[in-house]
Amino acid sequence: MYAGVMGDLVDSFGRVHRDLRISVTDRCNLRCTYCMPAEGMDWLPRSQVLTFEEIHRVVRVLVERFGIRSVRLTGGEPTVRANLDELVTALAGIRAAGAPLDLAMTTNGTTLASCAARLASAGLGRINISLDSLRRERFAELTRRDDLADVLDGIAAALDAGFDPVKLNVVVMRGVNSDELVDFARFGRERGVSVRFIEFMPLDADEQWSPSAVVGQDEIVATISKEFPLEAVVRGSEPAQRFRYSDGAGEVGVIPSVTRPFCGSCDRVRLTSEGALRNCLFASEEVDLRAIMRGGGSDDDIERAVLAEVRRKGPGHAIGSTTFVRPRRSMSQIGG
């Protein structure tokens, strides 16, 4: 058990960071077109990926020294990392301000049917499942794998395991899956899952992103409201703008990263699978915590490196402006 927060993790703009995203592997069993190329991915040698003990140490330091309260495991695809439930069990033993950490995971859902119950028993509390089409042929085209049935089984397994909430992450791309907005809304209403529509961001591996491919929040909400009227919910610090159905049958959310950036209230930092801490998804720099740990560095050394990196954080990602710089890494290499 750990406790005793020393101070907040604050950047130069006064934003307090409480949320840590951790990529536990760069490997994935899908090949989503906006995330990675079909071939030619050079996976990290396993010796370069952080061990569970190293991940636990970073989390412990960030909880003890800075009051991090929420940890989300990502990939690649996190469930392809062997014995993931052991990491969850270890992280569940860390206390944030005397309370358990808020432990969540983002997954593509393809293997959830075989591990959802085990992860829930280990202490994982919430789960997001990435799914960009409910149509088998389109799913296969987008992911280069014919695994839609496995994802649907995974969603059912997550609900059966008691995860609360279960959310679907849908990256909306004009002319690709933008005609499925109402289908996803209906799917969520019928199954009791919350759908999060995500505006398409310039993190695609083939660098084909353009502003014209973005379906903005206003259009998403208007399209769904024609079939299922929506009412806005007061927005907190979370990235999604939430909307409840007028008939009380749940809600949807939109993450408007492009048209309505939430950079001004961003409270997250990211740890890549090889131990690089990034202060922003679109950061051009990062700090190597793996080198500090494997070089014999102390917890104080980790603390100083993390604080310096967060203080370098800029005001926002600047997508759509002349100052925007695309990250050198694709989404699969950074972590979701």
# chains A, B, ... in the order shown; residues from 1 in each chain; ligands from 1
$ closest_atom_pairs --of "range 238-323 of chain A" --to "range 46-59 of chain A" --cutoff "12 Å" --atoms "only C-alpha atoms" --output "Markdown table"
| residue | atom | partner | partner_atom | distance |
| --- | --- | --- | --- | --- |
| A:Val269 | CA | A:Val59 | CA | 11.6 |
| A:Arg270 | CA | A:Val59 | CA | 11.3 |
| A:Leu271 | CA | A:Ile55 | CA | 8.9 |
| A:Thr272 | CA | A:Leu50 | CA | 8.8 |
| A:Ser273 | CA | A:Val49 | CA | 5.4 |
| A:Glu274 | CA | A:Val49 | CA | 4.4 |
| A:Gly275 | CA | A:Leu50 | CA | 6.0 |
| A:Ala276 | CA | A:Leu50 | CA | 9.7 |
| A:Leu277 | CA | A:Val58 | CA | 10.0 |
| A:Asp288 | CA | A:Leu50 | CA | 11.2 |
| A:Leu289 | CA | A:Val58 | CA | 8.2 |
| A:Arg290 | CA | A:Leu50 | CA | 7.1 |
| A:Ala291 | CA | A:Gln48 | CA | 10.2 |
| A:Ile292 | CA | A:Glu54 | CA | 10.7 |
| A:Met293 | CA | A:Glu54 | CA | 7.6 |
| A:Arg294 | CA | A:Glu54 | CA | 9.1 |
| A:Gly297 | CA | A:Arg57 | CA | 11.7 |
| A:Ser298 | CA | A:Arg57 | CA | 10.5 |
| A:Asp299 | CA | A:Arg57 | CA | 8.4 |
| A:Asp300 | CA | A:Val58 | CA | 11.3 |
| A:Asp301 | CA | A:Val58 | CA | 11.2 |
| A:Ile302 | CA | A:Val58 | CA | 7.7 |
| A:Glu303 | CA | A:Val58 | CA | 9.1 |
| A:Ala305 | CA | A:Val58 | CA | 11.4 |
| A:Val306 | CA | A:Val58 | CA | 9.7 |
$ select_by_dssp --residues "range 153-232 of chain A" --states "strand (DSSP E or B)" --output "list of chain:residue names"
A:Val166, A:Lys167, A:Leu168, A:Asn169, A:Val170, A:Val171, A:Val172, A:Met173, A:Ser194, A:Val195, A:Arg196, A:Phe197, A:Ile198, A:Glu199, A:Val214, A:Leu230, A:Glu231, A:Ala232
$ write_last_selection --atoms "N, CA and C atoms" --output "PDB file, in the first residue's frame"
ATOM      1  N   VAL A 166     -18.844   0.142 -19.537  1.00  0.00           N
ATOM      2  CA  VAL A 166     -18.232  -0.367 -20.757  1.00  0.00           C
ATOM      3  C   VAL A 166     -18.499   0.663 -21.844  1.00  0.00           C
ATOM      4  N   LYS A 167     -17.424   1.138 -22.460  1.00  0.00           N
ATOM      5  CA  LYS A 167     -17.568   2.164 -23.494  1.00  0.00           C
ATOM      6  C   LYS A 167     -17.008   1.655 -24.819  1.00  0.00           C
ATOM      7  N   LEU A 168     -17.591   2.136 -25.897  1.00  0.00           N
ATOM      8  CA  LEU A 168     -17.053   1.879 -27.233  1.00  0.00           C
ATOM      9  C   LEU A 168     -16.395   3.145 -27.744  1.00  0.00           C
ATOM     10  N   ASN A 169     -15.188   3.027 -28.260  1.00  0.00           N
ATOM     11  CA  ASN A 169     -14.498   4.140 -28.905  1.00  0.00           C
ATOM     12  C   ASN A 169     -14.623   3.997 -30.410  1.00  0.00           C
ATOM     13  N   VAL A 170     -15.234   4.966 -31.047  1.00  0.00           N
ATOM     14  CA  VAL A 170     -15.445   4.925 -32.498  1.00  0.00           C
ATOM     15  C   VAL A 170     -14.762   6.126 -33.132  1.00  0.00           C
ATOM     16  N   VAL A 171     -13.716   5.892 -33.906  1.00  0.00           N
ATOM     17  CA  VAL A 171     -13.073   6.968 -34.655  1.00  0.00           C
ATOM     18  C   VAL A 171     -13.893   7.205 -35.922  1.00  0.00           C
ATOM     19  N   VAL A 172     -14.436   8.396 -36.058  1.00  0.00           N
ATOM     20  CA  VAL A 172     -15.344   8.696 -37.167  1.00  0.00           C
ATOM     21  C   VAL A 172     -14.563   9.323 -38.310  1.00  0.00           C
ATOM     22  N   MET A 173     -14.639   8.706 -39.490  1.00  0.00           N
ATOM     23  CA  MET A 173     -13.913   9.172 -40.672  1.00  0.00           C
ATOM     24  C   MET A 173     -14.907   9.371 -41.820  1.00  0.00           C
ATOM     25  N   SER A 194     -21.898   2.682 -23.471  1.00  0.00           N
ATOM     26  CA  SER A 194     -21.808   4.095 -23.835  1.00  0.00           C
ATOM     27  C   SER A 194     -20.848   4.254 -25.003  1.00  0.00           C
ATOM     28  N   VAL A 195     -21.318   4.865 -26.066  1.00  0.00           N
ATOM     29  CA  VAL A 195     -20.494   5.038 -27.264  1.00  0.00           C
ATOM     30  C   VAL A 195     -19.804   6.394 -27.206  1.00  0.00           C
ATOM     31  N   ARG A 196     -18.500   6.401 -27.494  1.00  0.00           N
ATOM     32  CA  ARG A 196     -17.712   7.627 -27.573  1.00  0.00           C
ATOM     33  C   ARG A 196     -17.225   7.794 -29.009  1.00  0.00           C
ATOM     34  N   PHE A 197     -17.765   8.797 -29.683  1.00  0.00           N
ATOM     35  CA  PHE A 197     -17.336   9.095 -31.046  1.00  0.00           C
ATOM     36  C   PHE A 197     -16.122  10.015 -30.974  1.00  0.00           C
ATOM     37  N   ILE A 198     -15.054   9.666 -31.679  1.00  0.00           N
ATOM     38  CA  ILE A 198     -13.794  10.397 -31.620  1.00  0.00           C
ATOM     39  C   ILE A 198     -13.511  11.031 -32.974  1.00  0.00           C
ATOM     40  N   GLU A 199     -13.277  12.330 -32.981  1.00  0.00           N
ATOM     41  CA  GLU A 199     -12.918  12.990 -34.225  1.00  0.00           C
ATOM     42  C   GLU A 199     -11.573  12.465 -34.730  1.00  0.00           C
ATOM     43  N   VAL A 214     -12.510  14.881 -41.330  1.00  0.00           N
ATOM     44  CA  VAL A 214     -12.995  15.016 -39.966  1.00  0.00           C
ATOM     45  C   VAL A 214     -14.508  15.239 -39.952  1.00  0.00           C
ATOM     46  N   LEU A 230     -31.072  14.160 -28.420  1.00  0.00           N
ATOM     47  CA  LEU A 230     -30.036  14.236 -27.394  1.00  0.00           C
ATOM     48  C   LEU A 230     -30.078  15.557 -26.652  1.00  0.00           C
ATOM     49  N   GLU A 231     -29.628  15.535 -25.393  1.00  0.00           N
ATOM     50  CA  GLU A 231     -29.501  16.744 -24.584  1.00  0.00           C
ATOM     51  C   GLU A 231     -28.094  16.794 -24.015  1.00  0.00           C
ATOM     52  N   ALA A 232     -27.434  17.942 -24.109  1.00  0.00           N
ATOM     53  CA  ALA A 232     -26.068  18.077 -23.618  1.00  0.00           C
ATOM     54  C   ALA A 232     -26.011  17.956 -22.098  1.00  0.00           C
TER      55      ALA A 232
END
$ select_by_dssp --residues "range 23-235 of chain A" --states "helix (DSSP H, G or I)" --output "PDB file with C-alpha atoms, in the first residue's frame"
ATOM      1  CA  ARG A  46      11.105  -7.508 -25.602  1.00  0.00           C
ATOM      2  CA  SER A  47      14.177  -6.393 -23.682  1.00  0.00           C
ATOM      3  CA  GLN A  48      13.340  -2.778 -24.573  1.00  0.00           C
ATOM      4  CA  PHE A  52       5.840  -5.004 -14.977  1.00  0.00           C
ATOM      5  CA  GLU A  53       8.129  -4.086 -12.087  1.00  0.00           C
ATOM      6  CA  GLU A  54       9.307  -0.965 -13.919  1.00  0.00           C
ATOM      7  CA  ILE A  55       5.751   0.055 -14.788  1.00  0.00           C
ATOM      8  CA  HIS A  56       4.736  -0.445 -11.168  1.00  0.00           C
ATOM      9  CA  ARG A  57       7.645   1.704 -10.001  1.00  0.00           C
ATOM     10  CA  VAL A  58       6.732   4.592 -12.297  1.00  0.00           C
ATOM     11  CA  VAL A  59       3.094   4.460 -11.206  1.00  0.00           C
ATOM     12  CA  ARG A  60       4.069   4.295  -7.539  1.00  0.00           C
ATOM     13  CA  VAL A  61       6.337   7.327  -7.858  1.00  0.00           C
ATOM     14  CA  LEU A  62       3.721   9.358  -9.731  1.00  0.00           C
ATOM     15  CA  VAL A  63       1.078   8.467  -7.158  1.00  0.00           C
ATOM     16  CA  GLU A  64       3.325   9.135  -4.149  1.00  0.00           C
ATOM     17  CA  ARG A  65       4.950  12.298  -5.432  1.00  0.00           C
ATOM     18  CA  PHE A  66       2.272  13.857  -7.634  1.00  0.00           C
ATOM     19  CA  PRO A  78      -2.693  -4.553 -24.132  1.00  0.00           C
ATOM     20  CA  THR A  79      -4.228  -8.023 -23.933  1.00  0.00           C
ATOM     21  CA  VAL A  80      -1.495  -9.510 -26.142  1.00  0.00           C
ATOM     22  CA  LEU A  84      -1.526  -8.775 -17.927  1.00  0.00           C
ATOM     23  CA  ASP A  85      -3.712  -9.598 -14.922  1.00  0.00           C
ATOM     24  CA  GLU A  86      -0.542  -9.775 -12.797  1.00  0.00           C
ATOM     25  CA  LEU A  87       0.238  -6.145 -13.619  1.00  0.00           C
ATOM     26  CA  VAL A  88      -3.358  -5.170 -12.824  1.00  0.00           C
ATOM     27  CA  THR A  89      -3.129  -6.923  -9.455  1.00  0.00           C
ATOM     28  CA  ALA A  90       0.100  -5.074  -8.636  1.00  0.00           C
ATOM     29  CA  LEU A  91      -1.278  -1.689  -9.644  1.00  0.00           C
ATOM     30  CA  ALA A  92      -4.500  -2.325  -7.721  1.00  0.00           C
ATOM     31  CA  LEU A 112     -11.699 -10.110 -24.171  1.00  0.00           C
ATOM     32  CA  ALA A 113     -13.957 -13.150 -24.157  1.00  0.00           C
ATOM     33  CA  SER A 114     -11.073 -15.187 -22.717  1.00  0.00           C
ATOM     34  CA  CYS A 115      -9.702 -12.664 -20.204  1.00  0.00           C
ATOM     35  CA  ALA A 116     -12.409 -10.171 -19.145  1.00  0.00           C
ATOM     36  CA  ALA A 117     -13.398 -12.036 -15.976  1.00  0.00           C
ATOM     37  CA  ARG A 118      -9.771 -12.539 -14.945  1.00  0.00           C
ATOM     38  CA  LEU A 119      -8.929  -8.843 -15.411  1.00  0.00           C
ATOM     39  CA  ALA A 120     -12.005  -7.790 -13.447  1.00  0.00           C
ATOM     40  CA  SER A 121     -11.024 -10.105 -10.580  1.00  0.00           C
ATOM     41  CA  ALA A 122      -7.505  -8.629 -10.631  1.00  0.00           C
ATOM     42  CA  ARG A 136     -18.283  -7.332 -41.075  1.00  0.00           C
ATOM     43  CA  GLU A 137     -16.798  -6.496 -44.478  1.00  0.00           C
ATOM     44  CA  ARG A 138     -16.029  -2.915 -43.514  1.00  0.00           C
ATOM     45  CA  PHE A 139     -14.515  -4.004 -40.202  1.00  0.00           C
ATOM     46  CA  ALA A 140     -12.246  -6.406 -42.085  1.00  0.00           C
ATOM     47  CA  GLU A 141     -11.249  -3.667 -44.505  1.00  0.00           C
ATOM     48  CA  LEU A 142     -10.466  -1.188 -41.703  1.00  0.00           C
ATOM     49  CA  THR A 143      -8.569  -3.622 -39.467  1.00  0.00           C
ATOM     50  CA  LEU A 148     -15.777  -8.548 -35.757  1.00  0.00           C
ATOM     51  CA  ALA A 149     -17.513 -11.556 -34.181  1.00  0.00           C
ATOM     52  CA  ASP A 150     -14.705 -11.832 -31.614  1.00  0.00           C
ATOM     53  CA  VAL A 151     -15.062  -8.149 -30.691  1.00  0.00           C
ATOM     54  CA  LEU A 152     -18.816  -8.511 -30.229  1.00  0.00           C
ATOM     55  CA  ASP A 153     -18.176 -11.524 -27.986  1.00  0.00           C
ATOM     56  CA  GLY A 154     -15.662  -9.405 -26.089  1.00  0.00           C
ATOM     57  CA  ILE A 155     -18.208  -6.657 -25.485  1.00  0.00           C
ATOM     58  CA  ALA A 156     -20.643  -9.198 -24.077  1.00  0.00           C
ATOM     59  CA  ALA A 157     -17.893 -10.682 -21.886  1.00  0.00           C
ATOM     60  CA  ALA A 158     -16.975  -7.246 -20.531  1.00  0.00           C
ATOM     61  CA  LEU A 159     -20.590  -6.625 -19.543  1.00  0.00           C
ATOM     62  CA  ASP A 160     -20.866 -10.081 -17.962  1.00  0.00           C
ATOM     63  CA  SER A 178     -19.629   8.200 -40.997  1.00  0.00           C
ATOM     64  CA  ASP A 179     -22.799   6.513 -42.243  1.00  0.00           C
ATOM     65  CA  GLU A 180     -22.865   4.279 -39.138  1.00  0.00           C
ATOM     66  CA  LEU A 181     -23.433   6.966 -36.494  1.00  0.00           C
ATOM     67  CA  VAL A 182     -27.062   6.041 -35.876  1.00  0.00           C
ATOM     68  CA  ASP A 183     -26.242   2.329 -36.042  1.00  0.00           C
ATOM     69  CA  PHE A 184     -23.698   2.754 -33.241  1.00  0.00           C
ATOM     70  CA  ALA A 185     -26.126   4.838 -31.201  1.00  0.00           C
ATOM     71  CA  ARG A 186     -28.771   2.130 -31.523  1.00  0.00           C
ATOM     72  CA  PHE A 187     -26.207  -0.571 -30.643  1.00  0.00           C
ATOM     73  CA  GLY A 188     -25.241   1.269 -27.470  1.00  0.00           C
ATOM     74  CA  ARG A 189     -28.835   1.875 -26.431  1.00  0.00           C
ATOM     75  CA  GLU A 190     -29.794  -1.770 -26.926  1.00  0.00           C
ATOM     76  CA  ARG A 191     -26.794  -3.233 -25.091  1.00  0.00           C
ATOM     77  CA  PRO A 211      -9.361  18.283 -42.391  1.00  0.00           C
ATOM     78  CA  SER A 212     -12.001  17.181 -44.894  1.00  0.00           C
ATOM     79  CA  ALA A 213     -11.962  13.679 -43.371  1.00  0.00           C
ATOM     80  CA  GLN A 217     -19.038  17.120 -32.990  1.00  0.00           C
ATOM     81  CA  ASP A 218     -21.918  19.276 -34.239  1.00  0.00           C
ATOM     82  CA  GLU A 219     -22.494  17.034 -37.246  1.00  0.00           C
ATOM     83  CA  ILE A 220     -22.263  13.855 -35.171  1.00  0.00           C
ATOM     84  CA  VAL A 221     -24.788  15.091 -32.608  1.00  0.00           C
ATOM     85  CA  ALA A 222     -27.171  16.464 -35.233  1.00  0.00           C
ATOM     86  CA  THR A 223     -27.144  13.184 -37.171  1.00  0.00           C
ATOM     87  CA  ILE A 224     -27.916  11.053 -34.125  1.00  0.00           C
ATOM     88  CA  SER A 225     -30.504  13.502 -32.772  1.00  0.00           C
ATOM     89  CA  LYS A 226     -32.640  13.076 -35.870  1.00  0.00           C
ATOM     90  CA  GLU A 227     -33.269   9.485 -34.784  1.00  0.00           C
TER      91      GLU A 227
END
$ closest_residue --among "A:Leu124, A:Met201, A:Leu44, A:Val16" --to "Asp267 in chain A" --atoms "only C-alpha atoms"
A:Val16
$ decode --residues "range 242-293 of chain A" --atoms "C-alpha atoms" --output "PDB file, in the first residue's frame"
ATOM      1  CA  ARG A 242     -21.522  13.930 -23.106  1.00  0.00           C
ATOM      2  CA  PHE A 243     -25.087  13.912 -24.376  1.00  0.00           C
ATOM      3  CA  ARG A 244     -27.992  12.051 -22.773  1.00  0.00           C
ATOM      4  CA  TYR A 245     -30.882  10.614 -24.738  1.00  0.00           C
ATOM      5  CA  SER A 246     -34.067  12.574 -24.119  1.00  0.00           C
ATOM      6  CA  ASP A 247     -35.965   9.349 -23.459  1.00  0.00           C
ATOM      7  CA  GLY A 248     -33.519   8.338 -20.715  1.00  0.00           C
ATOM      8  CA  ALA A 249     -31.994   5.389 -22.593  1.00  0.00           C
ATOM      9  CA  GLY A 250     -28.372   6.137 -21.759  1.00  0.00           C
ATOM     10  CA  GLU A 251     -25.933   8.563 -23.349  1.00  0.00           C
ATOM     11  CA  VAL A 252     -23.253   9.074 -25.980  1.00  0.00           C
ATOM     12  CA  GLY A 253     -20.127  11.176 -25.941  1.00  0.00           C
ATOM     13  CA  VAL A 254     -18.023  13.010 -28.495  1.00  0.00           C
ATOM     14  CA  ILE A 255     -14.300  13.642 -28.129  1.00  0.00           C
ATOM     15  CA  PRO A 256     -13.883  16.762 -30.305  1.00  0.00           C
ATOM     16  CA  SER A 257     -10.082  16.804 -30.382  1.00  0.00           C
ATOM     17  CA  VAL A 258      -9.985  18.680 -33.686  1.00  0.00           C
ATOM     18  CA  THR A 259     -12.986  21.002 -33.812  1.00  0.00           C
ATOM     19  CA  ARG A 260     -13.198  21.821 -30.096  1.00  0.00           C
ATOM     20  CA  PRO A 261      -9.851  20.937 -28.475  1.00  0.00           C
ATOM     21  CA  PHE A 262      -9.891  20.363 -24.720  1.00  0.00           C
ATOM     22  CA  CYS A 263      -6.183  21.130 -24.313  1.00  0.00           C
ATOM     23  CA  GLY A 264      -6.927  23.867 -21.785  1.00  0.00           C
ATOM     24  CA  SER A 265      -8.201  21.291 -19.275  1.00  0.00           C
ATOM     25  CA  CYS A 266      -5.998  18.330 -20.251  1.00  0.00           C
ATOM     26  CA  ASP A 267      -4.886  16.377 -17.174  1.00  0.00           C
ATOM     27  CA  ARG A 268      -3.046  13.405 -18.721  1.00  0.00           C
ATOM     28  CA  VAL A 269       0.479  12.237 -19.409  1.00  0.00           C
ATOM     29  CA  ARG A 270       1.566   9.159 -21.355  1.00  0.00           C
ATOM     30  CA  LEU A 271       4.130   6.426 -20.849  1.00  0.00           C
ATOM     31  CA  THR A 272       5.150   4.504 -23.979  1.00  0.00           C
ATOM     32  CA  SER A 273       5.903   0.795 -23.898  1.00  0.00           C
ATOM     33  CA  GLU A 274       9.668   1.437 -23.914  1.00  0.00           C
ATOM     34  CA  GLY A 275       9.435   3.896 -21.041  1.00  0.00           C
ATOM     35  CA  ALA A 276       9.279   7.329 -22.656  1.00  0.00           C
ATOM     36  CA  LEU A 277       7.098   9.821 -20.813  1.00  0.00           C
ATOM     37  CA  ARG A 278       5.196  12.175 -23.133  1.00  0.00           C
ATOM     38  CA  ASN A 279       3.383  15.277 -21.924  1.00  0.00           C
ATOM     39  CA  CYS A 280       0.977  15.240 -24.882  1.00  0.00           C
ATOM     40  CA  LEU A 281      -0.238  12.814 -27.509  1.00  0.00           C
ATOM     41  CA  PHE A 282       1.247  15.195 -30.088  1.00  0.00           C
ATOM     42  CA  ALA A 283       4.469  15.953 -28.215  1.00  0.00           C
ATOM     43  CA  SER A 284       7.639  16.343 -30.251  1.00  0.00           C
ATOM     44  CA  GLU A 285       9.857  15.506 -27.279  1.00  0.00           C
ATOM     45  CA  GLU A 286       9.795  12.971 -24.468  1.00  0.00           C
ATOM     46  CA  VAL A 287      11.911  11.860 -21.513  1.00  0.00           C
ATOM     47  CA  ASP A 288      13.390   8.359 -21.178  1.00  0.00           C
ATOM     48  CA  LEU A 289      12.394   6.965 -17.776  1.00  0.00           C
ATOM     49  CA  ARG A 290      13.632   3.502 -18.713  1.00  0.00           C
ATOM     50  CA  ALA A 291      17.170   4.829 -19.029  1.00  0.00           C
ATOM     51  CA  ILE A 292      16.887   6.429 -15.587  1.00  0.00           C
ATOM     52  CA  MET A 293      15.641   3.236 -13.959  1.00  0.00           C
TER      53      MET A 293
END
